[in-house]
Structure formats: C-alpha cells, structure tokens
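A quick write-up on the structure given underneath.
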Amino acid sequence: MKTSNQTQEHVNSYYAASVNKVTDYPVLEGAIKADVCVVGAGYTGVATALTLAERGYAVTLVEANRVGWGASGRNGGQLINGISGLAKIHKQHGEGSAAVLWHLKWRGHDIIHDWVEKYAIACDLKNGFVQTALKSRHLAELESYAEEMARHDFAYKYEVWDRDKTRSMLGTDSYVGGFVNYRDGHLHPLNLCVGEARAAHGLGVQIFEQSPVLRIEHGVKPKVFTANGHIEADSVVLAGNAYHRLEPKHLSSLSFPAGTYIIATEPLADDLVNEINPLDLAVCDLNEVVDYHRLSADKRMLYGGRCNYSGREPSSVKAAIGPRMLKIYPQLKDARIDYQWGGMIGIVLNRIPLLGRIHKNVYYCQGYSGHGVSASHCLGEITADAVTGTLEEFDLFASQKHFRIPGSQWLGNQLIAMGMWYYRMRDLL
Ligand SMILES: Cc1cc2nc3c(=O)[nH]c(=O)nc-3n(C[C@H](O)[C@H](O)[C@H](O)COP(=O)(O)OP(=O)(O)OC[C@H]3O[C@@H](n4cnc5c(N)ncnc54)[C@H](O)[C@@H]3O)c2cc1C
C-alpha cells in the first residue's frame, strides 16, 4: 500500500474517466492560519469542511493526492442508510435512544440530497435500492426491514419482493427475495465529492492538493506540516480514514485497512438493461461479505465485492470479480470489462466508527467498515458540530471503548482476515 507522503493521481476507474472536472487545487506552500484545518479530502473531510464553511468558519482542507482520490472517489456509489455499529449503541443506550439513532441512520442522505440540490452537483443521484436474499434464512431479514419501516411510518415507498418478483425485476434466478426502498439509491461518487469540494471552495475553504500532511505539532493552536508549508489552526480534523498513518500513538491498531474491488463493463444494450435492472436500482446482497452492483448513467454494469482483509492485493481485479458477476448474470459473458479498480476501507473491530479527540483540539473521524457514503456525511456534520462546541452526538461515538490489537498493524490485519474467514464460511452455508 502507498504511504501518505507519496502523491498520486486518481486510479484508472470508470469514475475518474467520467469525472465532471479534474480538480487542480494548489500545493500548500508557506505558512497559513485558519480556524479549522481538515486533513483528507474524501467525503468525511469535505463534508466537515463544507458544514463549517456554511457556518462561517475559516477552513483549510489539505489532501495528499486529489479531492476524492481515496474510497470516496472509487466506491460502489450505493447510497445506503445506516452507520455500522449503531445496533450496538442502541443496545447500550436502550429504547430511549431509538429515535435519535433512527434519525442518524438517514441524516447522511438528507445532507447529500440537500447539497446536490443547493449546489447543483451533477452526480447522477437516483432513488431506489434493493437488498437481495441469497438463501431462505435471509428472508426473515427482509420482513424485519419492512416491519421497521412500518414502525417508523417511513415516508418513502418500500416493499418486500418474493422470488418471482425479484427474478422479474433483476433478471436472475440467484436471489430468493428482495427488499426495496426508495430513499436509498445510487450516485457517481467522485462527482459528488468533487462537487461538494467546489461548493466548499465557493464558500471560502482553501483547498490544497498533492500536499500530504507529515506531522502535527500539538498545542493551544496545533500546526499541521506538509513538505512545503504549514497551517496553524484552532482545531484540526483528521479525515484520512484507511489511508492515513498520523498520530500512531493514539490511532494505530484501532482500525484496519481492507481492500475492496469493482469492475465496470462496457455500456450494455437496451434489451440487456431491461432484463437485468429495468428500475435502475442499486443492489446489494445480504451476505456478511457482500457483493453489490448497479448500472452507471451510461448503462455499464458496475459490479463490486470481495474484501481483502489481509493486505494482499488480487493480481487481477477482473479475474477476482468477473466470475462473481457471471455467477449472478451469465447473460453478461460477452460484455467487455472496460475498467477494474479497488480501494481501501477502514475496518473497526466492533464496527462502531472511530471518533474522538487528541489533546482536545485534534479531532478524528474514521472507520465506517465499508459502509460510508451516507455515514461519512452524517459523521462529518457531527464532527463539525463538535468542533463548534456541540459534543453530544460526537460523544455518543467518542465514548465507545475500542479494542486495540496488540502488536503491529500487519498482525491486526491477519487477525481480522481470520475473523472474516469465519463469516465467509457462514455465507457459503
Ligand atoms: C471499492 C469500494 C467500494 C465501496 N462501496 C461503497 C458503497 O457502495 N456504499 C457505501 O456506503 N460505502 C462504500 N464504500 C466505503 C466508502 O467509500 C467509504 O466509507 C468513504 O468513502 C470514506 O470516506 P473518507 O472521506 O472517510 O475516506 P477516503 O475517501 O478514503 O478519503 C481519505 C482521504 O484522505 C487523504 N489522506 C490520507 N492521509 C493523508 C495525509 N497524511 N495528508 C493529507 N491527506 C491524506 C487520502 O488521500 C484520501 O483522499 C466503498 C469503498 C471502496 C474502497
């Protein structure tokens, strides 16, 4: 894996090839002062910066590579409700917390929809997501989702599909049922991130690219150093997620980078599109180690899955993911694969995102365990709230006890890989 002090351009993904604008913000040089310095320009960093800028704060956003270079510009584009680990928080805090947690599950969606409209971000945002059952034991989960929606008087359309309906809507016999809702959905992830950064820049956020942060000097006004400059701020927010190695004394061995991979076919003919996904839904199965797919705006099949927890990259993403896609959709056997890529997610052992503070004025927010398009926006806003003095929701996460795996980060990854092996075996049963 690359370290955070080598700069790179975007990976060769479908998203980079179809991005609205290749960003070209300057490299940080010299000394700068700000109210808040945010490190990392993925969704977490950009959402925190944009929220703070909307509230009138002077913000700098420092990115090692390009805006959206990490997971935020490479993901499946599935806008799925929820934050991993919320069920555990619910258990700890009891029924009294249910309403707050339900609201948190959807808050990221509200932020994204609001910003897409307010800042005219062209990112192919569409409503509609179906969770698919691969075996009969998954069917009870589908029913429980519907019951949960009914309990909360969910304002958007939702329904459970039986096997026949699922087959007719998704053109495959592989699924035995589905649960669809029309508040989740899908989008072009890199265009969302780049559009949000443009909005933040328009509100005065100073953005620097190709500027890896190398160290932080703590104090009443912490200083963030890159190779050619530094930023002095009242507060710093670390938003480098699976890619950063800053503050190892506080953060090492708490979250672990895992690779996950996607292929994109050539644009598909209309009859194939109508057969496999006429409603243009995002699709994700209910396995522990999920496969997910959707169509791009130009009707390519974007198929993702397979997590690599041990740090070993597959030698060919196409060879690793292609057969998984063909198992569900043999109809795509002749479809050319135009793009293949992967990226890193941050896995936390108890699945609860890692939020906290170092010396009171250096905040961190990371570790969505692979489920972060919506969550990063919600938690970015909660981090912005914390920076501006409202800590209640931040502390819901920051007060969680996290287990630190002793030994090296490498050893931690091997232990996570062993743990996930158990879940993979369960998926196969
Ligand atoms: C292939 C893939 C598919 C996925 N699919 C989905 C999906 O469909 N739905 C979903 O909800 N989630 C999905 N995810 C997860 C989701 O993309 C992430 O949870 C989310 O994007 C995390 O955002 P982030 O801003 O915290 O991190 P990132 O987007 O990884 O951003 C971190 C940024 O920090 C920068 N950085 C790191 N260190 C430094 C430093 N020292 N100095 C300056 N900058 C630094 C990096 O260059 C990077 O740009 C997927 C992830 C991957 C990789």
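How things are named: the first chain in the structure tokens is A, the next is B, and so on; residues count from 1 in each chain; ligands count from 1 in the order shown.
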Against ligand 1, which residues of chain A fall within 7 Å? For each one I want the closest pair of atoms and the distance in Å (one decimal), counting only C-alpha atoms and all ligand atoms, rows by chain and increasing residue number, as a tab-separated table.
residue	atom	partner	partner_atom_place_in_ligand_line	distance
A:Ser4	CA	ligand 1	41 (N)	4.9
A:Asn5	CA	ligand 1	41 (N)	6.6
A:Val39	CA	ligand 1	43 (C)	5.1
A:Gly40	CA	ligand 1	34 (O)	3.3
A:Ala41	CA	ligand 1	33 (C)	5.0
A:Gly42	CA	ligand 1	25 (O)	3.3
A:Tyr43	CA	ligand 1	25 (O)	3.9
A:Thr44	CA	ligand 1	25 (O)	3.9
A:Gly45	CA	ligand 1	25 (O)	5.6
A:Val62	CA	ligand 1	43 (C)	5.4
A:Glu63	CA	ligand 1	44 (N)	3.8
A:Ala64	CA	ligand 1	44 (N)	3.8
A:Asn65	CA	ligand 1	47 (O)	5.0
A:Arg66	CA	ligand 1	49 (O)	6.3
A:Val67	CA	ligand 1	49 (O)	6.0
A:Gly68	CA	ligand 1	49 (O)	5.2
A:Trp69	CA	ligand 1	49 (O)	4.4
A:Gly70	CA	ligand 1	30 (O)	3.8
A:Ala71	CA	ligand 1	29 (O)	3.8
A:Ser72	CA	ligand 1	21 (O)	3.3
A:Gly73	CA	ligand 1	29 (O)	6.5
A:Arg74	CA	ligand 1	1 (C)	5.4
A:Asn75	CA	ligand 1	3 (C)	3.3
A:Gly76	CA	ligand 1	8 (O)	3.4
A:Gly77	CA	ligand 1	8 (O)	4.4
A:Gln78	CA	ligand 1	8 (O)	3.7
A:Leu79	CA	ligand 1	11 (O)	5.6
A:Ile80	CA	ligand 1	11 (O)	5.6
A:Ser211	CA	ligand 1	43 (C)	6.1
A:Pro212	CA	ligand 1	42 (N)	3.7
A:Val213	CA	ligand 1	42 (N)	3.7
A:Leu214	CA	ligand 1	41 (N)	5.7
A:Ala239	CA	ligand 1	26 (O)	5.6
A:Gly240	CA	ligand 1	34 (O)	3.3
A:Asn241	CA	ligand 1	26 (O)	4.6
A:Ala242	CA	ligand 1	30 (O)	5.9
A:Tyr243	CA	ligand 1	37 (C)	4.5
A:His244	CA	ligand 1	38 (N)	3.6
A:Arg245	CA	ligand 1	41 (N)	6.7
A:Leu246	CA	ligand 1	41 (N)	6.3
A:Gly259	CA	ligand 1	53 (C)	6.4
A:Thr260	CA	ligand 1	1 (C)	4.7
A:Tyr261	CA	ligand 1	1 (C)	4.7
A:Ile262	CA	ligand 1	1 (C)	5.8
A:Gly304	CA	ligand 1	3 (C)	6.9
A:Gly342	CA	ligand 1	1 (C)	4.8
A:Gly343	CA	ligand 1	53 (C)	3.5
A:Met344	CA	ligand 1	53 (C)	4.4
A:Ile345	CA	ligand 1	53 (C)	5.2
A:Gln366	CA	ligand 1	26 (O)	5.4
A:Tyr368	CA	ligand 1	19 (O)	5.2
A:Ser369	CA	ligand 1	19 (O)	6.7
A:Gly370	CA	ligand 1	15 (C)	4.3
A:His371	CA	ligand 1	11 (O)	3.7
A:Gly372	CA	ligand 1	19 (O)	3.2
A:Val373	CA	ligand 1	11 (O)	3.8
A:Ser374	CA	ligand 1	11 (O)	5.8
A:Ser376	CA	ligand 1	23 (O)	5.9
Which residues are near A:Leu101? Cut-off 8 Å, only C-alpha atoms, ignore same chain within fewer than 3 positions. Put them as an MDAnalysis selection string. chainID A and resid 86 90 97:98 104:105
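Of the residues under consideration (A:His201, A:Thr226, A:Ala87, A:Gly356), A:Thr226 shows the shortest atom-to-atom contact distance to A:Thr7 when counting only C-alpha atoms.
Of the residues under consideration (A:Asp298, A:Asp184, A:Asp334, A:Glu247), A:Asp184 shows the shortest atom-to-atom contact distance to A:Cys284 when counting only C-alpha atoms.
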Could you pull the residues within 10 Å of A:Tyr14, counting only C-alpha atoms, minus those fewer than 6 positions along the same chain, as a compact mmCIF listing (two decimals) with C-alpha atoms, in the first residue's frame?
# COMPACT_ATOMS: atom_id res chain seq x y z
CA ARG A 74 -13.85 4.83 -6.02
CA HIS A 188 -21.50 8.89 -9.13
CA LEU A 190 -16.34 11.02 -7.42
CA ILE A 262 -15.08 -3.20 -8.62
CA ILE A 263 -15.30 -3.90 -12.35
CA ALA A 264 -17.19 -1.86 -14.95
CA THR A 265 -18.39 -3.40 -18.21
CA SER A 296 -23.94 3.59 -14.30
CA ARG A 300 -22.43 -0.12 -17.65
CA LEU A 302 -20.63 -1.79 -12.04
CA ASP A 338 -13.57 -1.63 -19.52
CA TYR A 339 -12.37 -0.74 -16.01
CA GLN A 340 -11.20 -2.53 -12.89
CA TRP A 341 -10.05 -0.93 -9.66
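Among A:Gly171, A:Gly94, A:Gly108, A:Pro248, the residue with the shortest atom-to-atom distance to A:Gly82, counting only C-alpha atoms, is A:Gly108.
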8 Å contact set for A:Arg163, only C-alpha atoms, chain neighbours under 6 positions out, as an mmCIF file with N, CA and C atoms, in the first residue's frame:
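As a result, out_24.cif now contains:
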data_model
loop_
_atom_site.group_PDB
_atom_site.id
_atom_site.type_symbol
_atom_site.label_atom_id
_atom_site.label_comp_id
_atom_site.auth_asym_id
_atom_site.auth_seq_id
_atom_site.Cartn_x
_atom_site.Cartn_y
_atom_site.Cartn_z
ATOM 1 N N TYR A 175 -31.364 -14.821 -6.677
ATOM 2 C CA TYR A 175 -31.918 -14.260 -5.449
ATOM 3 C C TYR A 175 -33.281 -14.891 -5.151
ATOM 4 N N VAL A 176 -33.532 -15.111 -3.855
ATOM 5 C CA VAL A 176 -34.815 -15.733 -3.492
ATOM 6 C C VAL A 176 -35.799 -14.702 -2.946
ATOM 7 N N GLY A 177 -35.396 -13.459 -2.889
ATOM 8 C CA GLY A 177 -36.296 -12.402 -2.433
ATOM 9 C C GLY A 177 -35.548 -11.084 -2.382
ATOM 10 N N GLY A 178 -36.305 -10.010 -2.141
ATOM 11 C CA GLY A 178 -35.664 -8.698 -2.069
ATOM 12 C C GLY A 178 -36.468 -7.742 -1.212
#
Which residues are near stretch 326-332 of chain A? Cut-off 9 Å, only C-alpha atoms, ignore same chain within fewer than 6 positions. Put them as a ChimeraX atom specification. /A:171-175,265,268,272,276,301
Since we have the selection now, will you write its residues out, keeping C-alpha atoms, as a CSV table (one decimal), in the first residue's frame?
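Saved as again-v7.csv:
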chain,number,residue,atom,x,y,z
A,171,GLY,CA,-33.2,-10.8,-14.4
A,172,THR,CA,-31.5,-13.6,-12.3
A,173,ASP,CA,-32.5,-16.7,-10.5
A,174,SER,CA,-29.8,-16.2,-7.9
A,175,TYR,CA,-31.9,-14.3,-5.4
A,265,THR,CA,-18.4,-3.4,-18.2
A,268,LEU,CA,-24.9,-2.6,-22.2
A,272,LEU,CA,-30.0,-6.4,-21.5
A,276,ILE,CA,-31.3,-7.2,-15.5
A,301,MET,CA,-22.7,-2.9,-15.1
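Remark: for A:Asn181, the closest of the candidate residues A:Ala197, A:Ala140, A:Ala282, A:Leu203 is A:Ala282 (distances computed over only C-alpha atoms).
Assigned to strand (DSSP E or B) in stretch 217-255 of chain A, given DSSP computed from backbone atoms, are Glu217, Lys223, Val224, Phe225, Gly229, His230, Ile231, Glu232, Ala233, Asp234, Ser235, Val236, Val237, Leu238 and Ser255 of chain A.
Using only C-alpha atoms for every distance, the candidate list A:Glu95, A:Glu232, A:Glu141, A:Glu117 yields A:Glu117 as the residue closest to A:Glu196.
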Taking only C-alpha atoms into account, which of A:Arg306, A:His186, A:His93, A:His230 comes nearest A:Ala258? A:Arg306
Residues near A:Val36, cut-off 7 Å, only C-alpha atoms, skip fewer than 2 positions along chain, as a list in words: Ala34, Val38, Ala58, Val59, Thr60, Ala233, Asp234, Ser235 and Val236 of chain A
